[in-house]
Structure formats: C-alpha cells, structure tokens
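Chemist: Pasting a structure below so you can have a look.
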Amino acid sequence: MKIITTIKEMQQEVRQLKVQQLSIGYVPTMGYLHEGHSALIDEARRHNDKVIISIFVNPLQFGPNEDFDAYPRDIERDERIAKEHGVDFIFYPSVDEMYPHELSVSLSVKDRTDVLCGKSRPGHFDGVVTVLTKLFHIIQPDRAYFGLKDAQQVAVVDGLISDYHFPLELIPVPTVREEDGLAKSSRNVRLSSSEREEAPQIYQTLLHGQELIRAGERNTFQLEERLKEKLANSISGTIDYLEILTYPGLRKPDQIEGKIMIAVAVYYHKVRLIDNLIIDVPRK
C-alpha cells in the first residue's frame, strides 16, 4: 500500500494504472475509518483491479457552527484498517494541497438539498460536490463507492455524475448495521447506555413503515404521522425529521409508489443519528 500526499504524484500513479488498463475502484472518506468504510472498501476490492481511498477532511463541508478542527482524525489507525482491507493507494492531501488559493469557479447544488439534512446545513452539499469534482478528476475512477446510510449524499452525487457526465459508475452500498439493527457510525459511542439501548427503535420504525406499505398504505402524510407517533413513543430523543420522499429525486410524493425512501434523523444529548430505508413500491 502506498500513501500519496500530492495531486501531481496521485495523477502520475493513475496514469500508470490507465496505461496498464487496470480498473480503479474509489472510496472517498474523511478518515476515522469504521466498519461502514470497510464495507465500501471490500466492495471496491471485489470488483476492481486497484482500490484507491482518499482521506481528506473537507473544510468546505463544514458550516459556521460546525467545528472543522474537532473532527476526529487518526491517520495511523486509518492506514492499518486500509491495509487490512487491501487498499492499494491512500490519497492523503492537505487542505493547502487541495485548495491552494480561493476558487475562481464555484459549484452550487440546486436540487435534492432543501430536504432532510440539507435543510439545516446550507452550503454543505456545495462543499461535497466541489471536493468530489476535484477528486474524480484527480483519481479518474471507473467506479466510486458510497454508503446508503447517507442516502441524500448518494442522491446528490448521482446528480453530479449525471449532470457533468463523469465517466464513472456510482455504486451505492447498503448500510452496515449492528446486530440489533442500529446503523453503524463512529458517533454511536457518544450515546449513553440508555440511549444506546433504545436507538435500534429508529430502524424498527423504518421496518414498520415498510410493513404498512406492503399492507397497502399509500397515503404519504398518514404514514409519516403514524411512524412519527410510533418513534416518539419509543425513544427519549427528539425527532429532527421523519419524511417519505421519492428516490433519488427527493421530492414529496402525493401517493407512495415507485422507488421511495423513508428517512429519519433523531437528536440525542450528544449526538444526532440518521437512518433510512429505500423501498420499491409497485405502481398501481
């Protein structure tokens, strides 16, 4: 495994891989790797000749009330995990390397961002698509792997790739879960013991929604209200949102049909948890 810190060297390595006609699987991360990242890397390993991950805490994704400096970092641990899972290259640039001067061209996401997490984080996805545009050009992957736990991000990336004709395939990877169903996250360690015990009710609520849809429920508003009531009665945390949207368009449907997503976010004392379930509902 090779660790690369400059754009120039990364581009040189990519050119050599392209000359050899080797396929590249790419996993973008902000480091502090966990089982969710490992699942993405394993999937990339199965289907590509070479696997590249990037570790870059992107300052453009952080709002004024979000502490960029406090984001967890542990490059030695990340290197060990990456090596164990067969990564070939880690691209580990500095902020100055990625943003040597103020950008003369800016990217702004116009769709799929005024709902869910994007509603309370203005500008966040602008930062996401800006850094991914840079990284896609530098690494030139054949396939890029993203976790469906953050399904809104996957939808935004899908729009970026489609709108700007990036010659790569987006591979969404299912959410990795604990045995009790809680979506795995580095944030879970910040739950108190009682919060951790009840947190699996978030996923159970999503599954209940799926059962109701299969039983014939098609009214978006009624289903949202039933699921909010169930979840509120099951947890001590505060529901930030529970919404049913089309996927990946992220629009509110009048009737539940086609590919839809039930998405939820819950505030606990020290952490905010997100989860979702994407369901294909037959059209009548």
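Starting from 1 in every chain, residues are counted up; chains themselves are A, B, ... following the order of the structure tokens, and ligands are numbered from 1 as listed.
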Give me, as a ChimeraX atom specification, all polymer residues having an atom no more than 9 Å from Val176 of chain A, counting only C-alpha atoms and skipping those fewer than 5 positions away in the same chain.
Modeler: /A:35-36,39,147,149,181-185
Chemist: Within 9 Å of Ile75 of chain A, counting only C-alpha atoms, which residues show up once you throw out same-chain ones fewer than 3 positions away? Write them as number ranges by chain, please.
Modeler: A: 31-32, 55, 78-80
Chemist: Any chance you could list, as number ranges by chain, the residues in segment 16-101 of chain A that come up strand (DSSP E) when DSSP is run on the backbone?
Modeler: A: 24-29, 50-55, 89-91
Chemist: Restricting the output to N, CA and C atoms, write the selected residues as a PDB file, in the first residue's frame.
Modeler:
ATOM      1  N   ILE A  24     -10.130   0.966 -11.647  1.00  0.00           N
ATOM      2  CA  ILE A  24      -9.921   1.653 -10.372  1.00  0.00           C
ATOM      3  C   ILE A  24     -11.246   1.773  -9.633  1.00  0.00           C
ATOM      4  N   GLY A  25     -11.281   1.233  -8.421  1.00  0.00           N
ATOM      5  CA  GLY A  25     -12.398   1.448  -7.508  1.00  0.00           C
ATOM      6  C   GLY A  25     -11.989   2.489  -6.487  1.00  0.00           C
ATOM      7  N   TYR A  26     -12.872   3.443  -6.234  1.00  0.00           N
ATOM      8  CA  TYR A  26     -12.513   4.591  -5.403  1.00  0.00           C
ATOM      9  C   TYR A  26     -13.515   4.772  -4.266  1.00  0.00           C
ATOM     10  N   VAL A  27     -12.985   4.983  -3.059  1.00  0.00           N
ATOM     11  CA  VAL A  27     -13.808   5.246  -1.874  1.00  0.00           C
ATOM     12  C   VAL A  27     -13.367   6.568  -1.254  1.00  0.00           C
ATOM     13  N   PRO A  28     -14.161   7.635  -1.394  1.00  0.00           N
ATOM     14  CA  PRO A  28     -13.813   8.898  -0.740  1.00  0.00           C
ATOM     15  C   PRO A  28     -14.210   8.869   0.734  1.00  0.00           C
ATOM     16  N   THR A  29     -13.316   9.300   1.611  1.00  0.00           N
ATOM     17  CA  THR A  29     -13.624   9.334   3.043  1.00  0.00           C
ATOM     18  C   THR A  29     -13.040  10.601   3.660  1.00  0.00           C
ATOM     19  N   LYS A  50      -7.582  -2.269  -8.866  1.00  0.00           N
ATOM     20  CA  LYS A  50      -6.912  -1.451  -7.865  1.00  0.00           C
ATOM     21  C   LYS A  50      -7.946  -0.659  -7.070  1.00  0.00           C
ATOM     22  N   VAL A  51      -7.641  -0.437  -5.790  1.00  0.00           N
ATOM     23  CA  VAL A  51      -8.535   0.324  -4.919  1.00  0.00           C
ATOM     24  C   VAL A  51      -7.781   1.524  -4.361  1.00  0.00           C
ATOM     25  N   ILE A  52      -8.386   2.686  -4.547  1.00  0.00           N
ATOM     26  CA  ILE A  52      -7.836   3.929  -4.014  1.00  0.00           C
ATOM     27  C   ILE A  52      -8.852   4.514  -3.047  1.00  0.00           C
ATOM     28  N   ILE A  53      -8.402   4.915  -1.866  1.00  0.00           N
ATOM     29  CA  ILE A  53      -9.260   5.688  -0.981  1.00  0.00           C
ATOM     30  C   ILE A  53      -8.620   7.054  -0.773  1.00  0.00           C
ATOM     31  N   SER A  54      -9.449   8.042  -0.545  1.00  0.00           N
ATOM     32  CA  SER A  54      -8.931   9.345  -0.153  1.00  0.00           C
ATOM     33  C   SER A  54      -9.312   9.597   1.299  1.00  0.00           C
ATOM     34  N   ILE A  55      -8.418  10.233   2.019  1.00  0.00           N
ATOM     35  CA  ILE A  55      -8.687  10.676   3.385  1.00  0.00           C
ATOM     36  C   ILE A  55      -8.461  12.183   3.397  1.00  0.00           C
ATOM     37  N   PHE A  89      -3.800   2.323  -2.682  1.00  0.00           N
ATOM     38  CA  PHE A  89      -3.305   3.685  -2.529  1.00  0.00           C
ATOM     39  C   PHE A  89      -4.200   4.465  -1.573  1.00  0.00           C
ATOM     40  N   ILE A  90      -3.591   5.215  -0.675  1.00  0.00           N
ATOM     41  CA  ILE A  90      -4.318   6.228   0.100  1.00  0.00           C
ATOM     42  C   ILE A  90      -3.883   7.593  -0.410  1.00  0.00           C
ATOM     43  N   PHE A  91      -4.860   8.369  -0.867  1.00  0.00           N
ATOM     44  CA  PHE A  91      -4.588   9.757  -1.243  1.00  0.00           C
ATOM     45  C   PHE A  91      -4.916  10.616  -0.024  1.00  0.00           C
TER      46      PHE A  91
END
Chemist: Applying 8 Å and only C-alpha atoms, which residues near Ser38 of chain A remain after dropping the ones on its own chain fewer than 3 positions away? List them as a list in words.
Modeler: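 That gives Leu33, His34, Glu35, Ile41, Asp42, Ile81, Ala82 and His85 of chain A.
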Chemist: Restricting the output to N, CA and C atoms, write the selected residues as a compact mmCIF listing (two decimals), in the first residue's frame.
Modeler:
# COMPACT_ATOMS: atom_id res chain seq x y z
N LEU A 33 -11.76 5.81 9.94
CA LEU A 33 -12.48 4.72 9.28
C LEU A 33 -13.17 3.79 10.27
N HIS A 34 -14.34 3.31 9.90
CA HIS A 34 -15.10 2.35 10.70
C HIS A 34 -15.64 1.26 9.78
N GLU A 35 -16.51 0.40 10.33
CA GLU A 35 -16.98 -0.76 9.57
C GLU A 35 -17.73 -0.37 8.30
N ILE A 41 -14.83 -0.40 1.03
CA ILE A 41 -13.54 -0.84 0.51
C ILE A 41 -13.61 -2.29 0.04
N ASP A 42 -14.25 -3.13 0.84
CA ASP A 42 -14.38 -4.56 0.47
C ASP A 42 -15.14 -4.71 -0.84
N ILE A 81 -6.25 -0.02 9.02
CA ILE A 81 -7.52 -0.57 8.53
C ILE A 81 -7.50 -0.69 7.01
N ALA A 82 -6.99 0.34 6.34
CA ALA A 82 -6.94 0.32 4.87
C ALA A 82 -6.07 -0.83 4.38
N HIS A 85 -7.69 -4.22 4.60
CA HIS A 85 -8.77 -4.47 3.64
C HIS A 85 -8.31 -4.36 2.19
Chemist: Sorted by chain and rising residue number, which residues of segment 128-188 of chain A lie within 9 Å of segment 240-264 of chain A, and what are their closest atom pairs and distances in Å to one decimal, counting only C-alpha atoms, as JSON lines?
Modeler:
{"residue": "A:Ala151", "atom": "CA", "partner": "A:Pro248", "partner_atom": "CA", "distance": 8.3}
{"residue": "A:Gln152", "atom": "CA", "partner": "A:Pro248", "partner_atom": "CA", "distance": 7.9}
{"residue": "A:Val154", "atom": "CA", "partner": "A:Pro248", "partner_atom": "CA", "distance": 8.1}
{"residue": "A:Ala155", "atom": "CA", "partner": "A:Pro248", "partner_atom": "CA", "distance": 5.0}
{"residue": "A:Val156", "atom": "CA", "partner": "A:Pro248", "partner_atom": "CA", "distance": 8.2}
{"residue": "A:Asp158", "atom": "CA", "partner": "A:Pro248", "partner_atom": "CA", "distance": 7.9}
{"residue": "A:Gly159", "atom": "CA", "partner": "A:Pro248", "partner_atom": "CA", "distance": 8.7}
Chemist: Using only C-alpha atoms, which protein or nucleic acid residues come within 9 Å of Gln140 of chain A? Drop anything in the same chain fewer than 6 positions from it, and give the result as a PyMOL selection string.
Modeler: chain A and resi 11+14+24+26+166-168
Chemist: Please measure the separation of atom CA of Ala144 of chain A and atom CA of Glu76 of chain A, giving the value in Å to one decimal.
Modeler: 23.8 Å
